[in-house]
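Novice: Hey, dropping work_7.tsv in here, TSV, C-alpha atoms (C1' of nucleotides):
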```
chain	number	residue	atom	x	y	z
H	30	MET	CA	87.73	106.60	94.02
H	31	ALA	CA	84.08	107.48	94.64
H	32	ASP	CA	84.50	110.78	92.77
H	33	ILE	CA	86.23	109.13	89.81
H	34	ALA	CA	83.52	106.46	89.61
H	35	LYS	CA	80.83	109.12	89.66
H	36	ARG	CA	82.49	111.08	86.84
H	37	ALA	CA	82.96	107.84	84.87
H	38	GLY	CA	79.30	106.95	85.36
H	39	VAL	CA	79.98	103.61	87.03
H	40	SER	CA	79.83	102.30	90.56
H	41	ARG	CA	82.82	102.68	92.86
H	42	GLN	CA	83.24	98.92	92.91
H	43	ALA	CA	83.40	98.71	89.12
H	44	LEU	CA	86.73	100.57	89.28
H	45	TYR	CA	88.17	97.70	91.29
H	46	LEU	CA	87.19	95.30	88.47
H	47	HIS	CA	89.62	97.20	86.20
H	48	PHE	CA	92.34	98.40	88.60
H	49	PRO	CA	93.51	96.62	91.76
H	50	ASN	CA	93.92	99.88	93.68
H	51	ARG	CA	94.12	103.63	93.45
H	52	ALA	CA	97.84	103.70	92.66
H	53	GLU	CA	97.52	101.44	89.62
H	54	LEU	CA	94.54	103.40	88.33
H	55	LEU	CA	96.66	106.56	88.42
H	56	VAL	CA	99.63	104.81	86.81
H	57	ALA	CA	97.39	103.51	84.02
H	58	THR	CA	96.03	107.03	83.54
H	59	ALA	CA	99.56	108.38	83.26
H	60	ARG	CA	100.46	105.72	80.69
H	61	TYR	CA	97.32	106.56	78.77
H	62	LEU	CA	98.26	110.23	78.70
H	63	ASP	CA	101.73	109.30	77.43
H	64	GLU	CA	100.08	107.46	74.58
H	65	VAL	CA	97.50	110.11	73.75
H	66	HIS	CA	100.10	112.85	73.64
H	67	ALA	CA	102.64	110.60	71.89
H	68	ILE	CA	105.30	111.82	74.29
H	69	GLY	CA	107.80	109.21	73.11
H	70	THR	CA	107.62	110.48	69.52
H	71	GLU	CA	107.92	114.05	70.75
H	72	PHE	CA	111.10	113.27	72.66
H	73	ASP	CA	112.53	111.32	69.73
H	74	ALA	CA	112.00	114.28	67.45
H	75	HIS	CA	112.97	117.21	69.66
H	76	VAL	CA	115.56	115.69	71.98
H	77	MET	CA	117.22	112.61	70.47
H	78	GLY	CA	117.09	114.19	67.02
H	79	GLN	CA	119.01	117.25	68.20
H	80	ALA	CA	122.48	117.95	69.55
H	81	GLY	CA	124.25	120.44	71.81
H	82	THR	CA	122.30	123.48	72.96
H	83	GLU	CA	119.50	122.66	70.51
H	84	ARG	CA	118.95	119.38	72.29
H	85	LEU	CA	118.78	121.30	75.58
H	86	THR	CA	116.15	123.67	74.17
H	87	GLY	CA	114.26	120.71	72.70
H	88	PHE	CA	114.21	118.90	76.02
H	89	VAL	CA	113.18	121.94	78.05
H	90	ASN	CA	110.34	122.83	75.66
H	91	THR	CA	109.03	119.31	75.09
H	92	TRP	CA	109.08	118.38	78.76
H	93	GLY	CA	107.88	121.83	79.79
H	94	ASN	CA	104.89	121.50	77.46
H	95	TYR	CA	104.10	118.04	78.74
H	96	ILE	CA	104.09	118.88	82.46
H	97	PRO	CA	100.69	120.65	82.52
H	98	LYS	CA	99.11	117.69	80.72
H	99	VAL	CA	100.16	115.18	83.36
H	100	TYR	CA	100.06	117.53	86.33
H	101	GLY	CA	96.71	116.26	87.64
H	102	VAL	CA	97.65	112.61	87.84
H	103	GLY	CA	101.20	113.54	88.78
H	104	LYS	CA	100.03	115.55	91.76
H	105	ALA	CA	97.86	112.63	92.91
H	106	LEU	CA	100.79	110.22	92.61
H	107	MET	CA	103.15	112.60	94.41
H	108	ALA	CA	100.66	112.93	97.26
H	109	MET	CA	100.52	109.13	97.60
H	110	LYS	CA	104.32	108.72	97.44
H	111	ASP	CA	104.80	109.05	101.19
H	112	THR	CA	102.31	106.39	102.22
H	113	ASP	CA	101.96	104.08	99.21
H	114	GLU	CA	104.98	102.06	98.13
H	115	GLU	CA	103.52	101.28	94.72
H	116	ALA	CA	102.81	104.94	93.99
H	117	ARG	CA	106.34	105.81	95.05
H	118	ALA	CA	107.86	103.23	92.71
H	119	ALA	CA	105.64	104.31	89.80
H	120	TRP	CA	106.41	108.01	90.18
H	121	ASP	CA	110.13	107.44	90.77
H	122	ASP	CA	110.21	105.26	87.66
H	123	ARG	CA	108.69	107.99	85.52
H	124	MET	CA	110.96	110.67	86.95
H	125	GLY	CA	113.90	108.35	86.46
H	126	ALA	CA	113.11	108.37	82.74
H	127	VAL	CA	113.16	112.17	82.74
H	128	ARG	CA	116.44	112.07	84.60
H	129	GLY	CA	117.77	109.84	81.79
H	130	LEU	CA	116.81	112.49	79.25
H	131	CYS	CA	118.65	115.08	81.34
H	132	GLU	CA	121.74	112.86	81.21
H	133	VAL	CA	121.79	112.43	77.44
H	134	THR	CA	121.10	116.14	77.03
H	135	VAL	CA	124.04	117.03	79.27
H	136	GLN	CA	126.19	114.47	77.45
H	137	SER	CA	125.45	116.11	74.13
H	138	LEU	CA	126.36	119.49	75.58
H	139	ALA	CA	129.64	118.06	76.83
H	140	GLU	CA	130.44	116.53	73.46
H	141	HIS	CA	129.99	119.90	71.83
H	142	GLY	CA	132.06	121.67	74.46
H	143	ALA	CA	128.98	123.55	75.59
H	144	LEU	CA	128.88	122.27	79.17
H	145	SER	CA	129.90	124.71	81.88
H	146	GLU	CA	133.53	124.13	82.86
H	147	ASP	CA	132.84	124.02	86.60
H	148	LEU	CA	130.35	121.13	86.36
H	149	ASP	CA	130.78	117.41	85.92
H	150	GLU	CA	128.11	115.68	83.82
H	151	ASN	CA	126.39	114.07	86.78
H	152	THR	CA	125.97	117.30	88.73
H	153	ALA	CA	124.77	119.08	85.59
H	154	ALA	CA	122.10	116.39	85.09
H	155	ASP	CA	121.05	116.76	88.74
H	156	LEU	CA	120.70	120.52	88.27
H	157	LEU	CA	118.72	120.23	85.04
H	158	TRP	CA	116.51	117.48	86.46
H	159	THR	CA	115.61	119.50	89.55
H	160	LEU	CA	115.24	122.77	87.66
H	161	THR	CA	112.68	121.16	85.35
H	162	SER	CA	110.81	119.32	88.11
H	163	VAL	CA	107.02	119.23	88.29
H	164	ARG	CA	107.25	120.92	91.71
H	165	ASN	CA	109.05	123.89	90.21
H	166	TRP	CA	106.47	124.13	87.42
H	167	GLU	CA	103.81	124.08	90.14
H	168	GLN	CA	105.44	126.84	92.15
H	169	TRP	CA	106.12	129.09	89.18
H	170	THR	CA	102.71	128.77	87.54
H	171	GLN	CA	100.49	128.42	90.63
H	172	GLU	CA	102.23	130.46	93.33
H	173	CYS	CA	104.13	132.97	91.22
H	174	GLY	CA	101.37	133.28	88.63
H	175	TRP	CA	103.61	132.81	85.61
H	176	THR	CA	101.90	132.09	82.29
H	177	HIS	CA	102.96	128.99	80.41
H	178	ALA	CA	104.90	131.14	77.93
H	179	GLN	CA	106.75	132.89	80.76
H	180	PHE	CA	107.49	129.53	82.32
H	181	LEU	CA	109.07	128.19	79.12
H	182	GLU	CA	111.02	131.38	78.53
H	183	HIS	CA	112.50	131.58	82.02
H	184	LEU	CA	113.10	127.85	82.20
H	185	ASN	CA	115.13	127.97	78.99
H	186	ARG	CA	117.07	130.96	80.24
H	187	ALA	CA	117.73	129.29	83.60
H	188	ALA	CA	118.84	126.02	82.01
H	189	ARG	CA	121.29	127.85	79.76
H	190	ARG	CA	122.67	129.95	82.60
H	191	LEU	CA	123.00	126.98	84.94
H	192	ILE	CA	124.67	124.35	82.82
H	193	VAL	CA	125.84	125.85	79.51
H	194	GLY	CA	129.41	127.17	79.50
H	195	ALA	CA	130.54	130.46	78.03
P	6	MET	CA	98.69	111.66	116.24
P	7	ALA	CA	98.85	108.25	117.92
P	8	ASP	CA	102.55	107.94	117.08
P	9	ILE	CA	103.36	111.41	118.37
P	10	ALA	CA	101.47	110.76	121.61
P	11	LYS	CA	103.35	107.50	122.08
P	12	ARG	CA	106.73	109.18	121.57
P	13	ALA	CA	105.70	111.99	123.94
P	14	GLY	CA	104.64	109.43	126.56
P	15	VAL	CA	101.07	110.70	126.83
P	16	SER	CA	97.71	109.48	125.62
P	17	ARG	CA	96.49	110.42	122.14
P	18	GLN	CA	93.69	112.44	123.68
P	19	ALA	CA	96.11	114.48	125.79
P	20	LEU	CA	97.43	116.03	122.55
P	21	TYR	CA	93.98	117.45	121.89
P	22	LEU	CA	94.11	119.19	125.27
P	23	HIS	CA	97.08	121.20	123.97
P	24	PHE	CA	96.39	121.51	120.24
P	25	PRO	CA	92.97	121.66	118.57
P	26	ASN	CA	94.10	119.54	115.62
P	27	ARG	CA	97.02	118.05	113.76
P	28	ALA	CA	97.68	121.16	111.68
P	29	GLU	CA	98.06	123.44	114.71
P	30	LEU	CA	100.32	120.95	116.45
P	31	LEU	CA	102.63	121.03	113.42
P	32	VAL	CA	102.48	124.82	113.20
P	33	ALA	CA	103.34	125.12	116.89
P	34	THR	CA	106.24	122.72	116.35
P	35	ALA	CA	107.50	124.86	113.47
P	36	ARG	CA	107.29	127.98	115.61
P	37	TYR	CA	109.16	126.20	118.38
P	38	LEU	CA	111.92	125.24	115.97
P	39	ASP	CA	112.16	128.85	114.81
P	40	GLU	CA	112.70	129.88	118.40
P	41	VAL	CA	115.15	127.12	119.31
P	42	HIS	CA	117.31	127.84	116.28
P	43	ALA	CA	116.89	131.63	116.64
P	44	ILE	CA	116.22	131.87	112.93
P	45	GLY	CA	115.12	135.50	113.19
P	46	THR	CA	118.47	136.52	114.67
P	47	GLU	CA	120.30	134.48	112.03
P	48	PHE	CA	118.49	136.28	109.24
P	49	ASP	CA	119.05	139.66	110.86
P	50	ALA	CA	122.77	139.00	111.04
P	51	HIS	CA	123.46	137.28	107.73
P	52	VAL	CA	120.83	138.80	105.44
P	53	MET	CA	119.61	142.16	106.67
P	54	GLY	CA	123.09	143.02	107.91
P	55	GLN	CA	124.61	142.46	104.45
P	56	ALA	CA	124.27	144.03	101.04
P	57	GLY	CA	124.63	143.08	97.38
P	58	THR	CA	126.08	139.67	96.57
P	59	GLU	CA	127.07	139.18	100.20
P	60	ARG	CA	123.43	139.45	101.17
P	61	LEU	CA	122.63	136.81	98.55
P	62	THR	CA	125.27	134.45	99.94
P	63	GLY	CA	124.03	135.16	103.46
P	64	PHE	CA	120.46	134.35	102.52
P	65	VAL	CA	121.33	131.17	100.62
P	66	ASN	CA	123.55	129.84	103.41
P	67	THR	CA	121.29	130.78	106.32
P	68	TRP	CA	118.13	129.45	104.71
P	69	GLY	CA	119.96	126.46	103.26
P	70	ASN	CA	121.24	125.53	106.72
P	71	TYR	CA	117.77	125.94	108.23
P	72	ILE	CA	115.90	123.71	105.75
P	73	PRO	CA	117.11	120.36	107.13
P	74	LYS	CA	116.12	121.45	110.64
P	75	VAL	CA	112.49	122.08	109.69
P	76	TYR	CA	112.21	119.49	106.96
P	77	GLY	CA	110.32	116.95	109.09
P	78	VAL	CA	107.53	119.26	110.14
P	79	GLY	CA	107.63	120.98	106.76
P	80	LYS	CA	107.09	117.74	104.91
P	81	ALA	CA	104.13	116.92	107.14
P	82	LEU	CA	102.60	120.36	106.52
P	83	MET	CA	103.20	120.13	102.78
P	84	ALA	CA	101.47	116.75	102.69
P	85	MET	CA	98.43	118.24	104.46
P	86	LYS	CA	98.32	121.30	102.21
P	87	ASP	CA	96.04	119.70	99.63
P	88	THR	CA	93.33	118.59	102.04
P	89	ASP	CA	93.64	120.87	105.08
P	90	GLU	CA	92.94	124.56	104.64
P	91	GLU	CA	94.64	125.49	107.91
P	92	ALA	CA	97.82	123.63	106.99
P	93	ARG	CA	97.81	125.33	103.59
P	94	ALA	CA	97.50	128.78	105.16
P	95	ALA	CA	100.22	128.05	107.72
P	96	TRP	CA	102.72	126.73	105.19
P	97	ASP	CA	101.99	129.46	102.64
P	98	ASP	CA	102.47	132.04	105.37
P	99	ARG	CA	105.89	130.68	106.26
P	100	MET	CA	106.95	130.41	102.63
P	101	GLY	CA	105.63	133.92	102.05
P	102	ALA	CA	108.13	135.14	104.65
P	103	VAL	CA	110.95	133.41	102.77
P	104	ARG	CA	109.68	135.00	99.56
P	105	GLY	CA	109.96	138.38	101.32
P	106	LEU	CA	113.61	137.66	102.09
P	107	CYS	CA	114.15	136.81	98.44
P	108	GLU	CA	112.65	140.18	97.52
P	109	VAL	CA	114.88	142.25	99.79
P	110	THR	CA	117.89	140.23	98.69
P	111	VAL	CA	117.11	140.91	95.03
P	112	GLN	CA	116.48	144.57	95.85
P	113	SER	CA	119.90	144.87	97.39
P	114	LEU	CA	121.46	143.27	94.32
P	115	ALA	CA	119.63	145.76	92.11
P	116	GLU	CA	120.77	148.71	94.21
P	117	HIS	CA	124.37	147.61	93.77
P	118	GLY	CA	123.94	147.02	90.05
P	119	ALA	CA	124.51	143.32	90.58
P	120	LEU	CA	121.15	142.11	89.27
P	121	SER	CA	121.16	140.40	85.90
P	122	GLU	CA	120.15	142.89	83.16
P	123	ASP	CA	117.54	140.60	81.62
P	124	LEU	CA	115.53	140.22	84.84
P	125	ASP	CA	113.06	142.47	86.61
P	126	GLU	CA	113.14	142.33	90.40
P	127	ASN	CA	109.93	140.35	90.69
P	128	THR	CA	111.00	137.59	88.32
P	129	ALA	CA	114.39	137.41	90.00
P	130	ALA	CA	112.69	136.94	93.38
P	131	ASP	CA	110.48	134.20	91.88
P	132	LEU	CA	113.57	132.42	90.55
P	133	LEU	CA	115.49	132.68	93.81
P	134	TRP	CA	112.44	131.62	95.84
P	135	THR	CA	111.85	128.51	93.75
P	136	LEU	CA	115.53	127.64	93.47
P	137	THR	CA	115.83	127.62	97.25
P	138	SER	CA	112.57	125.74	97.87
P	139	VAL	CA	112.31	122.89	100.35
P	140	ARG	CA	111.26	120.60	97.48
P	141	ASN	CA	114.52	121.29	95.65
P	142	TRP	CA	116.51	120.63	98.82
P	143	GLU	CA	114.58	117.37	99.13
P	144	GLN	CA	115.33	116.31	95.56
P	145	TRP	CA	119.00	117.23	95.66
P	146	THR	CA	119.79	115.64	99.01
P	147	GLN	CA	117.41	112.65	98.97
P	148	GLU	CA	117.13	111.67	95.29
P	149	CYS	CA	120.47	112.95	93.97
P	150	GLY	CA	122.36	112.02	97.12
P	151	TRP	CA	124.10	115.36	97.53
P	152	THR	CA	125.77	116.06	100.86
P	153	HIS	CA	124.75	119.20	102.72
P	154	ALA	CA	128.03	120.84	101.76
P	155	GLN	CA	127.48	120.03	98.08
P	156	PHE	CA	123.96	121.37	98.35
P	157	LEU	CA	125.16	124.70	99.73
P	158	GLU	CA	127.96	124.97	97.20
P	159	HIS	CA	125.78	124.28	94.17
P	160	LEU	CA	122.91	126.37	95.47
P	161	ASN	CA	125.22	129.37	95.84
P	162	ARG	CA	126.61	128.82	92.37
P	163	ALA	CA	123.13	128.45	90.87
P	164	ALA	CA	121.80	131.56	92.60
P	165	ARG	CA	124.72	133.62	91.31
P	166	ARG	CA	124.40	132.28	87.78
P	167	LEU	CA	120.63	132.75	87.72
P	168	ILE	CA	120.14	136.23	89.05
P	169	VAL	CA	123.49	138.02	89.39
P	170	GLY	CA	124.55	140.07	86.36
P	171	ALA	CA	128.00	140.11	84.80
X	23	DC	C1'	68.18	78.26	76.26
X	24	DG	C1'	72.14	78.48	79.00
X	25	DT	C1'	76.29	80.68	80.05
X	26	DC	C1'	79.47	84.16	80.72
X	27	DA	C1'	81.17	88.85	81.26
X	28	DA	C1'	80.39	93.23	83.08
X	29	DC	C1'	78.27	95.45	86.13
X	30	DT	C1'	75.16	96.52	90.32
X	31	DT	C1'	73.84	97.03	95.41
X	32	DG	C1'	74.95	96.59	99.98
X	33	DA	C1'	77.59	95.06	103.53
X	34	DC	C1'	81.92	94.89	106.07
X	35	DA	C1'	86.99	95.54	107.96
X	36	DC	C1'	90.43	98.73	108.85
X	37	DA	C1'	93.06	103.07	109.63
X	38	DG	C1'	93.15	107.78	110.96
X	39	DT	C1'	91.16	112.22	112.82
X	40	DG	C1'	88.46	114.45	115.95
X	41	DT	C1'	84.75	114.42	119.81
X	42	DC	C1'	82.64	113.25	124.13
X	43	DA	C1'	81.88	111.46	128.85
X	44	DA	C1'	83.43	109.78	133.05
X	45	DG	C1'	87.02	108.79	136.07
X	46	DT	C1'	91.74	109.51	138.59
X	47	DA	C1'	95.60	111.60	140.93
X	48	DA	C1'	98.27	115.26	142.33
X	49	DA	C1'	98.76	120.13	143.25
X	50	DT	C1'	96.68	124.26	145.13
X	51	DC	C1'	93.92	127.03	147.99
X	52	DG	C1'	90.66	128.64	151.64
N	27	DC	C1'	92.51	119.49	156.66
N	28	DG	C1'	89.13	119.13	153.06
N	29	DA	C1'	87.44	121.08	148.64
N	30	DT	C1'	88.50	122.35	144.30
N	31	DT	C1'	91.10	122.68	140.19
N	32	DT	C1'	94.30	121.03	136.72
N	33	DA	C1'	96.15	117.69	133.89
N	34	DC	C1'	95.67	113.70	132.50
N	35	DT	C1'	93.55	108.80	131.76
N	36	DT	C1'	90.43	105.14	129.59
N	37	DG	C1'	87.05	103.96	126.50
N	38	DA	C1'	83.59	104.89	123.47
N	39	DC	C1'	81.82	106.93	119.23
N	40	DA	C1'	81.15	109.47	114.47
N	41	DC	C1'	83.02	110.23	110.12
N	42	DT	C1'	85.93	109.61	105.89
N	43	DG	C1'	88.32	106.87	102.61
N	44	DT	C1'	90.33	102.45	100.78
N	45	DG	C1'	89.82	97.90	99.75
N	46	DT	C1'	87.14	93.29	100.16
N	47	DC	C1'	83.33	90.17	99.75
N	48	DA	C1'	78.82	88.13	98.48
N	49	DA	C1'	74.77	87.97	95.96
N	50	DG	C1'	72.02	89.66	92.39
N	51	DT	C1'	71.00	91.85	87.57
N	52	DT	C1'	71.49	92.48	82.65
N	53	DG	C1'	72.71	91.80	78.02
N	54	DA	C1'	75.41	89.49	74.46
N	55	DC	C1'	76.64	85.42	72.27
N	56	DG	C1'	77.13	80.59	70.99
```
Could you spell out this file's structure in structure tokens?
Specialist:
Amino acid sequence: MADIAKRAGVSRQALYLHFPNRAELLVATARYLDEVHAIGTEFDAHVMGQAGTERLTGFVNTWGNYIPKVYGVGKALMAMKDTDEEARAAWDDRMGAVRGLCEVTVQSLAEHGALSEDLDENTAADLLWTLTSVRNWEQWTQECGWTHAQFLEHLNRAARRLIVGA
Amino acid sequence: MADIAKRAGVSRQALYLHFPNRAELLVATARYLDEVHAIGTEFDAHVMGQAGTERLTGFVNTWGNYIPKVYGVGKALMAMKDTDEEARAAWDDRMGAVRGLCEVTVQSLAEHGALSEDLDENTAADLLWTLTSVRNWEQWTQECGWTHAQFLEHLNRAARRLIVGA
DNA sequence: CGTCAACTTGACACAGTGTCAAGTAAATCG
DNA sequence: CGATTTACTTGACACTGTGTCAAGTTGACG
């Protein structure tokens, strides 16, 4: 909080005039980033506006491109999850929304007969949701040293291999 | 530290007579768990003693069965990673060992012509390493509610689909 | 001119880690 | 047997970070 105040050019206490605590400041920041990057419009265009394997590609690319933009605040919220109930609820709520996108994506695959035969829709959504998690992005780009382009390429390949049927 | 001391039936300060700090206590606990569960022997038998896709199955099952046993201390170390340099080094060292197992597993697949044609060995190891991460185990079993058996089953399927060639 | 909103400084409580000093009690050794 | 050593105790303290509180400043606006 002291660091943030310094960077914002205000006193530490001024932050508490705008946000009740650290968790809500981070949540507000995340919401602000959503707005700035118009993530809702992006999803509408590239996910809800597509079907079958194109919807899958749209989801993977749109979400994959968004992750690095929210990684900073996301990492802070994830770190608070274990000790702060409010941070946990906020992060779980956001990831729940992503999980919802995974579900509709899988549904569209199923409708087009493109879902792998050995998977039910729920398991497929679980797989896609975890595959595209922020933690996996973190590991691939930070620990493995993948570029963003490599990340998107391999994530698309993995998603297809994991949940799309022959 | 206070909680651990309480559960151990000693004073908080007594812990500091045995371990210089929290990070080293956790690292020592992890090493103790390795010993108790004879993880080295397990890997020797089910990974190094196998080849090709059997080595892959051996690695996935052995490591997959070990994760829940070290999850407690692992979670604590992961939480410290961002602020404590020693914890970061300790955890990265352990995960580096797992990454090494992924490499030899992928190598064995390649030698038997079982590695997917569109992957180089390094990328395949990155994929397997991330797929089998503790974070993914956490998400699948805690958030998705998978049983341990389901986890192992789907992890094996995913590993095969992701890195084994036709 | 007075008031209000936004901010400041400075203090404090509280939790958690790590340090330090002094004391105790039991085992070990000469 | 007495002296020492080992393992532990109690209790204090420093330091960091979050969140709270009180009192004061400053500028805009009716």
Novice: Could you list, as a list in words, every residue of chain X that has an atom within 9 Å of an atom of chain P, counting all atoms listed in the file?
Specialist: DG38, DT39 and DG40 of chain X
Novice: For those residues, write C-alpha atoms (C1' of nucleotides) to a file as a PDB file, in the coordinates of the input.
Specialist:
```
ATOM      1  C1'  DG X  38      93.150 107.780 110.960  1.00  0.00           C
ATOM      2  C1'  DT X  39      91.160 112.220 112.820  1.00  0.00           C
ATOM      3  C1'  DG X  40      88.460 114.450 115.950  1.00  0.00           C
TER       4       DG X  40
END
```
Novice: Which residue gives the smallest distance to DT51 (chain N) among X:DT25, X:DT50, X:DT31, X:DT41, with only C-alpha atoms (C1' of nucleotides) counted?
Specialist: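 Closest to DT51 (chain N) of all the choices is X:DT31.
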Novice: Could you work out how far C1' of DA35 (chain X) lies from CA of Leu44 (chain H), giving the answer in Å with one decimal?
Specialist: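 The value is 19.3 Å.
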Novice: Show me, as JSON, numbers by chain, the residues of chain H whose atoms get within 8 Å of chain P, using all atoms listed in the file for the distance check.
Specialist: {"H": [108, 155, 159, 160, 164, 165, 168, 169, 173, 187, 190, 191]}
Novice: At a cut-off of 10 Å, which residues of chain P touch chain N? Count all atoms listed in the file and give the answer as a list in words.
Specialist: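 Within 10 Å of chain N on chain P, we get Val15, Ser16, Gln18, Ala19 and Leu22 of chain P.
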Novice: Box in all listed atoms of region 42-51 of chain X, axis-aligned, with 6 Å more on each side; write out centre and edge lengths in Å to one decimal as AutoDock Vina command-line options.
Specialist:
```
--center_x 90.3 --center_y 117.9 --center_z 136.1 --size_x 28.9 --size_y 30.2 --size_z 35.9
```
Novice: Pick from P:Ala92, P:Val139, P:Ala154, P:Val169: nearest to Glu122 (chain P), with all atoms listed in the file counted?
Specialist: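 Smallest separation from Glu122 (chain P) among the options: P:Val169.
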Novice: Tell me, in Å to one decimal, how far CA of His153 (chain P) is from CA of Gly69 (chain P).
Specialist: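 Going from CA of His153 (chain P) over to CA of Gly69 (chain P) covers 8.7 Å.
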Novice: Find the residues near Ala52 (chain H): any atom within 9 Å, counting only C-alpha atoms (C1' of nucleotides), skip ones fewer than 4 places away on the same chain, and give them as a list in words.
Specialist: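 Once the nearby chain positions are removed, what remains is Phe48, Val56, Ala57, Ala105, Leu106, Met109, Asp113, Glu115, Ala116 and Ala119 of chain H.
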Novice: Between CA of Ala50 (chain P) and CA of Asn66 (chain P), measure the distance and give it in Å to one decimal.
Specialist: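 Pair CA of Ala50 (chain P) / CA of Asn66 (chain P) returns 11.9 Å.
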Novice: Return the single residue from H:Asp149, H:Glu140, H:Glu182, H:Asp32 that is closest to Ala80 (chain H), with distances computed using only C-alpha atoms.
Specialist: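 Among the listed residues, the smallest separation from Ala80 (chain H) belongs to H:Glu140.
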